[in-house]
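Undergrad: Contents are mmCIF, C-alpha atoms; file name entry_19.cif:
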data_my_file
#
loop_
_atom_site.label_atom_id
_atom_site.label_comp_id
_atom_site.auth_asym_id
_atom_site.auth_seq_id
_atom_site.Cartn_x
_atom_site.Cartn_y
_atom_site.Cartn_z
CA MET J 1 30.31 99.72 80.71
CA PHE J 2 33.93 100.57 80.12
CA PHE J 3 37.13 99.28 81.76
CA GLY J 4 34.74 97.01 83.69
CA ILE J 5 33.07 100.01 85.31
CA GLU J 6 29.31 100.53 84.90
CA TRP J 7 27.85 103.96 84.49
CA ASP J 8 24.73 105.12 86.24
CA THR J 9 22.40 107.23 84.12
CA SER J 10 19.70 107.65 86.77
CA SER J 11 20.64 111.30 87.28
CA GLN J 12 23.25 113.70 85.93
CA TRP J 13 25.14 113.72 89.21
CA ALA J 14 25.15 109.94 89.45
CA PHE J 15 26.35 109.79 85.83
CA ALA J 16 29.19 112.23 86.48
CA VAL J 17 30.25 110.39 89.63
CA SER J 18 30.07 106.98 87.98
CA ILE J 19 32.16 107.90 84.94
CA PHE J 20 34.85 109.69 86.97
CA PRO J 21 36.88 106.51 87.66
CA ILE J 22 36.62 105.62 83.94
CA LEU J 23 38.05 108.99 83.00
CA LEU J 24 40.83 108.52 85.55
CA HIS J 25 41.83 105.35 83.68
CA GLY J 26 42.12 107.50 80.57
CA LEU J 27 44.00 110.16 82.52
CA VAL J 28 46.67 107.61 83.46
CA VAL J 29 47.16 106.76 79.77
CA THR J 30 47.34 110.49 78.94
CA LEU J 31 50.08 111.01 81.53
CA GLN J 32 51.98 107.92 80.36
CA ALA J 33 51.89 109.11 76.75
CA THR J 34 53.00 112.57 77.86
CA VAL J 35 56.01 111.22 79.75
CA VAL J 36 57.10 108.74 77.07
CA GLY J 37 56.61 111.32 74.29
CA PHE J 38 58.55 113.90 76.28
CA PHE J 39 61.52 111.59 76.76
CA ILE J 40 61.61 110.75 73.07
CA ALA J 41 61.45 114.48 72.30
CA LEU J 42 64.33 115.18 74.73
CA ILE J 43 66.58 112.60 73.11
CA LEU J 44 65.65 113.24 69.45
CA GLY J 45 65.92 116.97 70.10
CA LEU J 46 69.44 116.49 71.41
CA VAL J 47 70.36 114.55 68.26
CA LEU J 48 68.88 117.26 66.02
CA ALA J 49 70.60 120.01 68.00
CA ALA J 50 73.95 118.22 67.70
CA LEU J 51 73.48 117.73 63.93
CA LYS J 52 72.51 121.39 63.53
CA SER J 53 75.79 122.48 65.11
CA ALA J 54 77.91 119.98 63.16
CA PRO J 55 81.20 121.30 61.77
CA THR J 56 80.19 120.73 58.14
CA ARG J 57 77.25 122.38 56.42
CA PHE J 58 76.45 119.15 54.56
CA ILE J 59 75.11 117.89 57.88
CA ARG J 60 73.99 121.24 59.28
CA TRP J 61 71.69 122.27 56.42
CA PRO J 62 69.77 118.98 56.04
CA ALA J 63 69.31 118.91 59.83
CA LYS J 64 67.86 122.42 59.74
CA LEU J 65 65.57 121.49 56.85
CA VAL J 66 64.34 118.40 58.69
CA THR J 67 63.65 120.44 61.83
CA GLU J 68 61.71 123.00 59.81
CA PHE J 69 59.76 120.26 58.04
CA ILE J 70 58.79 118.55 61.29
CA ARG J 71 57.82 121.86 62.86
CA ASP J 72 55.67 122.99 59.93
CA THR J 73 53.60 119.83 59.43
CA PRO J 74 50.66 118.75 61.60
CA LEU J 75 51.04 116.19 64.38
CA LEU J 76 47.93 114.40 63.10
CA ILE J 77 49.46 113.71 59.68
CA GLN J 78 52.80 112.69 61.19
CA LEU J 79 50.90 110.31 63.44
CA PHE J 80 48.98 108.78 60.52
CA PHE J 81 52.22 108.56 58.57
CA LEU J 82 53.98 106.62 61.33
CA PHE J 83 50.91 104.53 62.07
CA TYR J 84 50.36 103.34 58.49
CA VAL J 85 53.84 103.55 57.02
CA LEU J 86 56.03 101.94 59.70
CA PRO J 87 54.21 98.56 59.41
CA GLU J 88 54.93 98.58 55.66
CA PHE J 89 58.61 98.55 56.55
CA GLY J 90 58.04 95.64 58.90
CA LEU J 91 58.02 97.72 62.09
CA THR J 92 54.70 97.15 63.82
CA LEU J 93 54.53 99.07 67.08
CA PRO J 94 51.56 99.12 69.44
CA ALA J 95 49.33 102.16 68.90
CA PHE J 96 50.45 103.71 72.18
CA LEU J 97 54.14 103.60 71.22
CA THR J 98 53.43 104.91 67.70
CA GLY J 99 51.54 107.79 69.28
CA ALA J 100 54.28 108.55 71.78
CA LEU J 101 56.81 108.39 68.96
CA ALA J 102 54.78 110.88 66.89
CA LEU J 103 54.63 113.25 69.86
CA GLY J 104 58.36 112.81 70.37
CA VAL J 105 59.17 113.49 66.72
CA GLN J 106 56.95 116.59 66.55
CA TYR J 107 58.36 118.09 69.74
CA SER J 108 61.98 117.18 69.00
CA ALA J 109 61.92 120.10 66.56
CA TYR J 110 61.01 122.40 69.44
CA THR J 111 63.34 120.91 72.06
CA SER J 112 66.29 121.09 69.68
CA GLU J 113 65.70 124.85 69.41
CA VAL J 114 65.47 125.09 73.21
CA TYR J 115 68.87 123.43 73.59
CA ARG J 116 70.41 125.65 70.94
CA ALA J 117 68.95 128.87 72.36
CA GLY J 118 69.97 127.89 75.89
CA LEU J 119 73.56 127.25 74.88
CA GLU J 120 73.78 130.41 72.79
CA ALA J 121 72.36 132.54 75.59
CA VAL J 122 75.46 131.95 77.72
CA ALA J 123 77.47 135.17 77.58
CA LYS J 124 80.27 135.16 75.05
CA GLY J 125 82.70 136.45 77.68
CA GLN J 126 82.34 133.14 79.51
CA ARG J 127 83.77 131.21 76.56
CA GLU J 128 86.52 133.79 76.10
CA ALA J 129 87.44 133.68 79.77
CA ALA J 130 87.58 129.88 79.71
CA ARG J 131 89.83 130.07 76.68
CA ALA J 132 92.06 132.64 78.35
CA LEU J 133 92.34 130.33 81.36
CA ASN J 134 93.45 127.57 78.97
CA LEU J 135 90.54 125.21 79.73
CA ALA J 136 90.07 122.34 77.29
CA SER J 137 86.98 122.76 75.12
CA ALA J 138 85.29 119.66 76.57
CA ARG J 139 85.88 120.99 80.07
CA THR J 140 84.62 124.43 79.05
CA PHE J 141 81.42 122.82 77.83
CA THR J 142 80.73 120.63 80.85
CA HIS J 143 81.95 122.99 83.57
CA ILE J 144 81.26 126.49 82.19
CA ILE J 145 78.62 126.46 79.44
CA LEU J 146 76.30 123.64 80.49
CA PRO J 147 75.85 124.72 84.13
CA GLN J 148 74.78 128.17 82.98
CA ALA J 149 72.59 126.93 80.13
CA ILE J 150 70.59 124.39 82.13
CA PRO J 151 68.65 126.92 84.28
CA ARG J 152 67.44 128.52 81.04
CA ILE J 153 66.66 125.24 79.31
CA ILE J 154 64.65 123.48 82.02
CA PRO J 155 61.69 125.93 82.33
CA ALA J 156 61.36 126.08 78.52
CA LEU J 157 61.31 122.29 78.35
CA GLY J 158 58.67 122.32 81.08
CA ASN J 159 56.44 124.46 78.89
CA TYR J 160 56.75 121.92 76.08
CA LEU J 161 55.90 119.12 78.50
CA VAL J 162 52.59 120.91 79.11
CA SER J 163 52.08 121.35 75.36
CA ILE J 164 52.67 117.64 74.80
CA MET J 165 50.06 116.85 77.42
CA LYS J 166 47.57 119.02 75.54
CA ASP J 167 48.38 117.24 72.27
CA VAL J 168 47.88 113.72 73.62
CA PRO J 169 44.12 113.68 72.71
CA VAL J 170 45.19 113.52 69.05
CA LEU J 171 46.42 109.98 69.74
CA SER J 172 42.80 108.87 70.22
CA VAL J 173 42.50 108.70 66.40
CA VAL J 174 44.80 105.68 66.35
CA THR J 175 42.75 103.93 69.06
CA VAL J 176 44.85 105.00 72.05
CA LEU J 177 42.38 105.13 74.95
CA GLU J 178 43.51 108.40 76.50
CA MET J 179 41.16 110.64 78.44
CA LEU J 180 39.39 112.43 75.57
CA GLY J 181 39.01 109.22 73.57
CA VAL J 182 37.42 107.56 76.60
CA ALA J 183 35.05 110.51 77.11
CA LYS J 184 34.09 110.46 73.44
CA ILE J 185 33.26 106.75 73.61
CA ILE J 186 31.17 107.27 76.75
CA GLY J 187 29.36 110.03 74.86
CA ASP J 188 28.85 107.83 71.79
CA ARG J 189 27.35 105.02 73.86
CA THR J 190 25.13 107.08 76.17
CA GLY J 191 24.35 110.04 73.90
CA GLY J 192 25.41 112.38 76.73
CA TYR J 193 28.50 114.22 75.52
CA LEU J 194 28.13 117.28 77.72
CA ILE J 195 29.15 115.80 81.05
CA PRO J 196 32.12 113.62 80.02
CA LEU J 197 33.60 116.24 77.69
CA SER J 198 33.20 119.00 80.29
CA MET J 199 34.83 116.80 82.90
CA VAL J 200 37.78 116.19 80.57
CA GLY J 201 38.09 119.95 80.09
CA GLY J 202 38.01 120.47 83.84
CA LEU J 203 40.62 117.78 84.47
CA TYR J 204 42.86 119.31 81.81
CA LEU J 205 42.56 122.71 83.47
CA VAL J 206 43.55 121.22 86.83
CA MET J 207 46.54 119.45 85.28
CA THR J 208 47.80 122.47 83.35
CA ILE J 209 47.37 124.78 86.34
CA ILE J 210 49.41 122.41 88.52
CA ALA J 211 52.01 122.05 85.77
CA SER J 212 52.31 125.79 85.20
CA PHE J 213 52.88 126.31 88.93
CA GLY J 214 55.63 123.71 88.69
CA VAL J 215 57.24 125.47 85.73
CA ARG J 216 57.02 128.84 87.49
CA TYR J 217 58.59 127.32 90.59
CA LEU J 218 61.48 125.95 88.52
CA ASP J 219 61.84 129.29 86.74
CA THR J 220 62.18 131.26 89.97
CA HIS J 221 64.09 128.73 92.05
CA LEU J 222 66.77 127.52 89.66
CA PRO J 223 69.94 129.51 90.30
CA LYS J 224 70.17 132.05 87.47
CA ARG J 225 73.94 132.23 87.62
CA GLY J 226 74.35 128.53 86.97
CA LEU J 227 73.69 125.12 88.39
CA SER J 228 76.57 123.31 90.03
CA LEU J 229 76.87 119.95 88.36
CA LYS J 230 78.95 118.41 91.14
CA MET Y 231 46.53 104.22 40.66
CA GLU Y 232 49.01 106.96 39.82
CA TRP Y 233 49.89 109.44 42.54
CA THR Y 234 48.89 112.32 40.25
CA SER Y 235 45.28 111.16 40.48
CA TYR Y 236 45.37 112.01 44.20
CA LEU Y 237 46.09 115.64 43.44
CA ALA Y 238 42.56 116.68 42.45
CA PRO Y 239 40.82 115.55 45.67
CA LEU Y 240 43.77 116.72 47.77
CA SER Y 241 43.73 120.19 46.27
CA GLN Y 242 39.99 120.40 46.98
CA GLY Y 243 40.87 119.62 50.59
CA ALA Y 244 43.76 122.08 50.46
CA TRP Y 245 41.35 124.87 49.52
CA VAL Y 246 39.22 124.07 52.59
CA THR Y 247 42.36 124.09 54.73
CA VAL Y 248 43.39 127.48 53.34
CA GLN Y 249 39.96 128.97 54.00
CA LEU Y 250 39.86 127.55 57.52
CA THR Y 251 43.32 128.94 58.23
CA VAL Y 252 42.53 132.41 56.91
CA TYR Y 253 39.17 132.76 58.67
CA SER Y 254 40.30 131.37 61.99
CA THR Y 255 43.56 133.35 62.00
CA ILE Y 256 41.71 136.63 61.39
CA LEU Y 257 39.01 135.82 63.92
CA GLY Y 258 41.71 134.62 66.32
CA ALA Y 259 43.60 137.90 65.95
CA LEU Y 260 40.40 139.78 66.84
CA CYS Y 261 39.98 137.61 69.95
CA ALA Y 262 43.64 138.17 70.81
CA PHE Y 263 43.32 141.97 70.76
CA LEU Y 264 39.94 141.99 72.47
CA PHE Y 265 40.92 139.78 75.39
CA GLY Y 266 44.59 140.80 75.52
CA LEU Y 267 43.57 144.42 76.04
CA GLY Y 268 40.71 143.22 78.24
CA LYS Y 269 43.19 141.58 80.60
CA LEU Y 270 44.87 144.98 81.07
CA SER Y 271 41.54 146.71 81.72
CA HIS Y 272 40.85 148.34 85.10
CA ASN Y 273 37.24 147.18 84.98
CA PRO Y 274 37.16 144.03 87.15
CA LEU Y 275 34.38 142.43 85.09
CA VAL Y 276 36.17 142.88 81.74
CA LYS Y 277 39.44 141.78 83.29
CA GLY Y 278 37.83 138.75 84.93
CA ILE Y 279 36.18 137.58 81.71
CA SER Y 280 39.42 138.01 79.77
CA VAL Y 281 41.53 136.14 82.33
CA ALA Y 282 38.97 133.32 82.49
CA TYR Y 283 38.86 133.04 78.69
CA ILE Y 284 42.65 132.97 78.37
CA GLU Y 285 43.11 130.43 81.15
CA ILE Y 286 40.37 128.10 79.92
CA PHE Y 287 41.47 128.04 76.29
CA ARG Y 288 45.19 127.88 77.01
CA GLY Y 289 44.70 125.37 79.79
CA THR Y 290 42.77 122.74 77.84
CA SER Y 291 43.48 120.83 74.68
CA LEU Y 292 42.29 122.15 71.30
CA LEU Y 293 40.71 118.80 70.48
CA VAL Y 294 38.76 118.91 73.76
CA GLN Y 295 37.51 122.39 72.84
CA LEU Y 296 36.60 121.30 69.32
CA PHE Y 297 34.68 118.24 70.52
CA TRP Y 298 33.04 120.29 73.26
CA ILE Y 299 31.77 122.90 70.81
CA TYR Y 300 30.67 120.33 68.25
CA PHE Y 301 29.26 117.54 70.44
CA ALA Y 302 28.54 118.99 73.89
CA LEU Y 303 27.31 122.50 73.14
CA PRO Y 304 24.17 121.34 71.25
CA ILE Y 305 23.17 119.25 74.28
CA MET Y 306 23.65 122.23 76.56
CA GLY Y 307 21.63 124.34 74.13
CA GLN Y 308 18.82 121.80 74.28
CA ALA Y 309 18.78 122.02 78.05
CA ILE Y 310 18.42 125.81 78.02
CA GLY Y 311 16.14 125.85 74.99
CA LEU Y 312 18.53 127.24 72.38
CA ASP Y 313 19.59 125.70 69.09
CA LEU Y 314 23.38 125.57 69.39
CA ARG Y 315 23.93 122.97 66.69
CA PHE Y 316 26.63 124.35 64.42
CA PRO Y 317 27.72 122.96 61.07
CA PRO Y 318 31.27 121.52 61.22
CA VAL Y 319 32.74 124.54 59.39
CA VAL Y 320 31.44 126.99 61.97
CA ALA Y 321 32.40 124.78 64.92
CA GLY Y 322 35.86 124.29 63.43
CA VAL Y 323 36.55 127.95 62.71
CA VAL Y 324 35.21 129.03 66.12
CA ALA Y 325 37.23 126.44 68.03
CA LEU Y 326 40.44 127.22 66.14
CA ALA Y 327 39.95 130.98 66.52
CA LEU Y 328 39.15 130.84 70.22
CA ASN Y 329 42.13 128.57 70.84
CA ILE Y 330 44.71 130.57 68.90
CA GLY Y 331 43.13 133.82 70.18
CA ALA Y 332 43.89 132.83 73.77
CA TYR Y 333 47.57 132.30 72.96
CA GLY Y 334 47.57 135.54 70.96
CA ALA Y 335 45.95 137.45 73.83
CA GLU Y 336 48.97 136.77 76.03
CA VAL Y 337 51.22 138.06 73.23
CA VAL Y 338 49.13 141.24 72.90
CA ARG Y 339 49.21 141.78 76.65
CA GLY Y 340 52.97 141.31 76.80
CA ALA Y 341 53.65 143.65 73.86
CA VAL Y 342 51.34 146.37 75.21
CA GLN Y 343 52.96 146.14 78.64
CA ALA Y 344 56.38 146.40 77.02
CA VAL Y 345 55.63 149.86 75.58
CA PRO Y 346 57.74 152.24 77.72
CA LYS Y 347 55.80 153.91 80.52
CA GLU Y 348 57.05 157.36 79.46
CA GLN Y 349 54.96 157.00 76.31
CA TYR Y 350 51.74 156.83 78.35
CA GLU Y 351 52.89 159.65 80.54
CA ALA Y 352 53.76 161.85 77.57
CA ALA Y 353 50.41 161.07 75.95
CA THR Y 354 48.59 161.93 79.15
CA ALA Y 355 50.62 165.12 79.53
CA LEU Y 356 49.62 166.07 75.98
CA ASN Y 357 45.99 165.58 77.00
CA PHE Y 358 45.28 162.61 74.71
CA THR Y 359 42.02 160.83 75.38
CA GLY Y 360 42.23 157.20 76.45
CA ARG Y 361 41.07 155.97 73.05
CA LYS Y 362 43.53 158.16 71.16
CA ARG Y 363 46.35 157.02 73.45
CA LEU Y 364 45.52 153.41 72.60
CA TRP Y 365 45.23 153.88 68.82
CA ARG Y 366 47.93 156.49 68.26
CA ILE Y 367 50.55 155.69 70.89
CA THR Y 368 50.25 152.18 72.31
CA LEU Y 369 49.16 149.94 69.42
CA PRO Y 370 51.49 151.37 66.73
CA GLN Y 371 54.43 150.60 68.99
CA ALA Y 372 53.12 147.31 70.36
CA ILE Y 373 51.97 145.65 67.12
CA PRO Y 374 55.43 145.41 65.48
CA GLU Y 375 56.65 143.64 68.63
CA MET Y 376 53.83 141.09 68.38
CA MET Y 377 54.43 140.17 64.76
CA PRO Y 378 57.19 137.53 65.04
CA THR Y 379 55.15 135.54 67.58
CA PHE Y 380 51.97 136.04 65.56
CA GLY Y 381 53.79 134.49 62.60
CA ASN Y 382 54.52 131.38 64.67
CA LEU Y 383 50.94 131.25 65.90
CA ALA Y 384 49.60 131.47 62.34
CA VAL Y 385 51.67 128.43 61.34
CA GLN Y 386 50.53 126.69 64.51
CA ASN Y 387 46.96 127.44 63.47
CA LEU Y 388 47.52 126.04 59.98
CA LYS Y 389 48.77 122.79 61.54
CA ASP Y 390 45.85 122.72 63.96
CA THR Y 391 43.31 122.88 61.12
CA ALA Y 392 44.16 119.23 60.44
CA LEU Y 393 42.21 118.37 63.60
CA VAL Y 394 38.89 119.55 62.15
CA SER Y 395 38.95 116.48 59.89
CA LEU Y 396 37.93 114.64 63.08
CA ILE Y 397 34.53 116.38 63.04
CA SER Y 398 34.15 115.24 59.41
CA LEU Y 399 35.10 118.49 57.72
CA GLY Y 400 36.52 117.82 54.25
CA ASP Y 401 39.94 119.46 54.66
CA MET Y 402 43.25 118.13 53.37
CA ALA Y 403 43.74 115.67 56.25
CA PHE Y 404 40.22 114.33 55.71
CA ARG Y 405 40.75 113.82 51.96
CA ALA Y 406 44.04 112.05 52.67
CA GLU Y 407 42.28 109.66 55.03
CA GLN Y 408 39.59 109.01 52.39
CA ILE Y 409 42.17 108.28 49.70
CA ARG Y 410 44.08 105.99 52.03
CA ASN Y 411 40.92 104.06 52.85
CA PHE Y 412 40.21 103.69 49.17
CA THR Y 413 43.66 102.84 47.81
CA GLN Y 414 45.61 101.60 50.89
CA ASP Y 415 48.54 103.51 49.39
CA SER Y 416 49.44 105.21 52.66
CA VAL Y 417 53.10 106.01 51.92
CA THR Y 418 52.37 108.11 48.83
CA VAL Y 419 49.29 109.84 50.22
CA TYR Y 420 50.78 110.91 53.52
CA THR Y 421 54.13 111.91 52.04
CA LEU Y 422 52.27 114.08 49.53
CA VAL Y 423 50.10 115.65 52.24
CA LEU Y 424 53.08 116.31 54.52
CA PHE Y 425 54.80 118.20 51.70
CA MET Y 426 51.61 120.10 50.88
CA TYR Y 427 51.29 121.27 54.49
CA PHE Y 428 54.98 122.19 54.48
CA GLY Y 429 54.52 124.25 51.30
CA MET Y 430 51.50 126.02 52.76
CA ALA Y 431 53.42 126.78 55.94
CA LEU Y 432 56.28 128.30 53.91
CA VAL Y 433 53.82 130.52 51.99
CA LEU Y 434 52.08 131.54 55.21
CA THR Y 435 55.43 132.35 56.87
CA ALA Y 436 56.37 134.51 53.87
CA CYS Y 437 53.03 136.37 54.08
CA MET Y 438 53.48 136.99 57.80
CA LYS Y 439 57.02 138.28 57.15
CA LEU Y 440 55.63 140.76 54.60
CA LEU Y 441 53.03 141.90 57.12
CA GLU Y 442 55.77 142.19 59.72
CA ARG Y 443 57.78 144.47 57.44
CA TYR Y 444 54.70 146.56 56.71
CA VAL Y 445 53.78 147.19 60.35
CA GLY Y 446 57.46 147.63 61.19
CA ARG Y 447 57.13 151.14 59.76
CA TRP Y 448 54.89 152.07 62.66
CA ARG Y 449 57.77 151.84 65.08
CA ALA Y 450 58.67 155.23 66.51
CA ALA Y 451 61.53 156.84 64.60
CA GLY Y 452 64.91 156.97 66.29
CA ARG Y 453 64.44 153.71 68.16
#
Please express the file's structure as structure tokens.

TA:
Amino acid sequence: MFFGIEWDTSSQWAFAVSIFPILLHGLVVTLQATVVGFFIALILGLVLAALKSAPTRFIRWPAKLVTEFIRDTPLLIQLFFLFYVLPEFGLTLPAFLTGALALGVQYSAYTSEVYRAGLEAVAKGQREAARALNLASARTFTHIILPQAIPRIIPALGNYLVSIMKDVPVLSVVTVLEMLGVAKIIGDRTGGYLIPLSMVGGLYLVMTIIASFGVRYLDTHLPKRGLSLK
Amino acid sequence: MEWTSYLAPLSQGAWVTVQLTVYSTILGALCAFLFGLGKLSHNPLVKGISVAYIEIFRGTSLLVQLFWIYFALPIMGQAIGLDLRFPPVVAGVVALALNIGAYGAEVVRGAVQAVPKEQYEAATALNFTGRKRLWRITLPQAIPEMMPTFGNLAVQNLKDTALVSLISLGDMAFRAEQIRNFTQDSVTVYTLVLFMYFGMALVLTACMKLLERYVGRWRAAGR
């Protein structure tokens, strides 16, 4: 029994059908962790990107080093670090939030590069033209650069959203009951790993296929020449 | 306990991590070429298998694949009368290689498709056999294009090896967890391990850059 739902081991089919709602409970947690982690990554990435383009190199270089460090170290160790070290500094977060924070920190290194690449990809002539037309630099950014950068940034961010979803199972090591963790526990208690783990694989495939269609749709339907922000 | 006393067990774990990374990256590169070229094949069976492999391993989580190979595969083997119980090392290397190979396969496919069409046409006009066209014309031009992404994938693979500690393989992450359980000194242990992974990643990146420069010579002259 799990989440108040009994499983039925009378036959393989009955077992699969009976554990499906249990896995769906886990699926909800997986999606929640994905969304929360993604938002943290979006915001932290923006901070890192801003620091990396700071006017002084005393900010720029440490920010680059931090990004590189986050990108080159495993999510699992970062998660353990946050999970065991934050409480020592008096910050005790629930496991779910610690996990989402770890996902956010890991992927902020990637999103910050997405922002930077998206902004740099805007043709240089656009900046020069804005300058020639005597636009203020803030106005150039919000009305010229950003509208052209966003259609490049969004599909790339979508890809990282999918990657985050695939990394959520790591959170099961700090007792977050996401889908894989739930399937593993069902397997531990019944001895039948094959069916729950295969179902998790199948559900992941369905989710990533849907998500990749979404990303492809965004990629082809966002106006390439720029998005009007009005 | 002094932090220096952690170094001996951690470096034992580090050696396991290095071995896992090297084996699974090489095996993964083989998978990448096999299935990346397979996806471009005209044989529907080869193409179908390659597409299915790439979609399944890119579409699911590495940890799901690792658990499936380690926990679920033996049960399936029992059902069909085969012994598919693998030791953790084998399960770990296979899962890592298959996972990174699927990502690599898409890189191989993209790089091969990016070789200019005239090159195939010229090779055909010069009466090259299909095999010779692949080895002498396509791959020498495609491989240098793959290298930067392969470098990223190798680092990704190094980071992913940490997950095999979850099937009780004694790598660096596993040793760190053991030491933490024993000493409760989590700050020191995890800081140390983070820096060790960072150092390994820097070395691996440098190696991949050297390899990139080496295969860069294969690029056609005058391009």

Undergrad: Contacts from chain J to chain Y, 7 Å maximum, all atoms listed in the file: show me the residue list as a PDB file with C-alpha atoms, in the frame of the given file.

TA:
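Output below, filename out27.pdb:
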ATOM      1  CA  PHE J  69      59.760 120.260  58.040  1.00  0.00           C
ATOM      2  CA  ASP J  72      55.670 122.990  59.930  1.00  0.00           C
ATOM      3  CA  THR J  73      53.600 119.830  59.430  1.00  0.00           C
ATOM      4  CA  PRO J  74      50.660 118.750  61.600  1.00  0.00           C
ATOM      5  CA  LEU J  76      47.930 114.400  63.100  1.00  0.00           C
ATOM      6  CA  ILE J  77      49.460 113.710  59.680  1.00  0.00           C
ATOM      7  CA  PHE J  81      52.220 108.560  58.570  1.00  0.00           C
ATOM      8  CA  TYR J  84      50.360 103.340  58.490  1.00  0.00           C
ATOM      9  CA  VAL J  85      53.840 103.550  57.020  1.00  0.00           C
ATOM     10  CA  LYS J 166      47.570 119.020  75.540  1.00  0.00           C
ATOM     11  CA  ASP J 167      48.380 117.240  72.270  1.00  0.00           C
ATOM     12  CA  PRO J 169      44.120 113.680  72.710  1.00  0.00           C
ATOM     13  CA  LEU J 180      39.390 112.430  75.570  1.00  0.00           C
ATOM     14  CA  TYR J 193      28.500 114.220  75.520  1.00  0.00           C
ATOM     15  CA  LEU J 194      28.130 117.280  77.720  1.00  0.00           C
ATOM     16  CA  LEU J 197      33.600 116.240  77.690  1.00  0.00           C
ATOM     17  CA  GLY J 201      38.090 119.950  80.090  1.00  0.00           C
ATOM     18  CA  TYR J 204      42.860 119.310  81.810  1.00  0.00           C
ATOM     19  CA  LEU J 205      42.560 122.710  83.470  1.00  0.00           C
ATOM     20  CA  THR J 208      47.800 122.470  83.350  1.00  0.00           C
TER      21      THR J 208
END

Undergrad: Apply the PyMOL selection byres ((chain J and resi 98) around 10) to the file shown and report the selected residues as a list in words.

TA: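 Written out, the selection comes to Gly37, Leu79, Phe80, Phe81, Leu82, Phe83, Tyr84, Leu86, Thr92, Leu93, Pro94, Ala95, Phe96, Leu97, Gly99, Ala100, Leu101, Ala102, Leu103, Gly104, Leu171, Val174 and Val176 of chain J.
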
Undergrad: Step by step, gather every atom of range 208-225 of chain J that the file lists, find the box along x, y and z that holds them, add 8 Å on each side, and finally give centre and edge lengths in Å to one decimal, as JSON.

TA:
{"center_x": 60.7, "center_y": 127.1, "center_z": 87.7, "size_x": 42.6, "size_y": 26.2, "size_z": 24.7}

Undergrad: Restricting the calculation to only C-alpha atoms, which member of J:Pro155, J:Gly125, J:Gly90, J:Gly187 is positioned closest to Ile19 in chain J?

TA: J:Gly187

Undergrad: Report the residues retrieved by the PyMOL selection byres ((chain J and resi 145) around 10) from the displayed file, expressed as a PyMOL selection string.

TA: chain J and resi 118-124+126-127+130+138-144+146-150+226

Undergrad: Could you list the residues chosen by the PyMOL selection byres ((chain Y and resi 380) around 12) in this structure as a ChimeraX atom specification?

TA: /Y:255-256,258-259,262-263,330-338,341,373-379,381-387,434-435,437-439,441-442

Undergrad: So which one's closest to Ala49 in chain J, J:Arg189, J:His25, J:Arg152, J:Lys64? Using all atoms listed in the file, please.

TA: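 Checking each of J:Arg189, J:His25, J:Arg152, J:Lys64 against Ala49 in chain J, counting all atoms listed in the file, the winner is J:Lys64.
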
Undergrad: Show me, as an MDAnalysis selection string, the residues that have an atom within 8 Å of Tyr115 in chain J when counting only C-alpha atoms, minus same-chain residues fewer than 5 positions from it.

TA: chainID J and resid 45:46 49 153

Undergrad: Would you pick out the contacts of Phe265 in chain Y at 8 Å or less, using all atoms listed in the file, so that residues sharing its chain but fewer than 3 positions from it are not included, and give the list as a list of chain:residue names?

TA: Y:Cys261, Y:Ala262, Y:Gly268, Y:Lys269, Y:Ser280, Y:Val281, Y:Tyr283, Y:Ile284, Y:Ala332, Y:Ala335

Undergrad: With only C-alpha atoms as the basis for distance, which of Y:Ala321, Y:Ala244, Y:Leu326, Y:Leu267 is at the shortest distance from Ile279 in chain Y?

TA: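 Ranked by minimum distance to Ile279 in chain Y, first place goes to Y:Leu267.
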
Undergrad: Quote the spacing between CA of Phe20 in chain J and CA of Ser198 in chain J in Å to one decimal place.

TA: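 Interatomic distance here is 11.6 Å.
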
Undergrad: Would you mind reading off the distance between CA of Arg71 in chain J and CA of Gln106 in chain J, one decimal, in Å?

TA: 6.5 Å
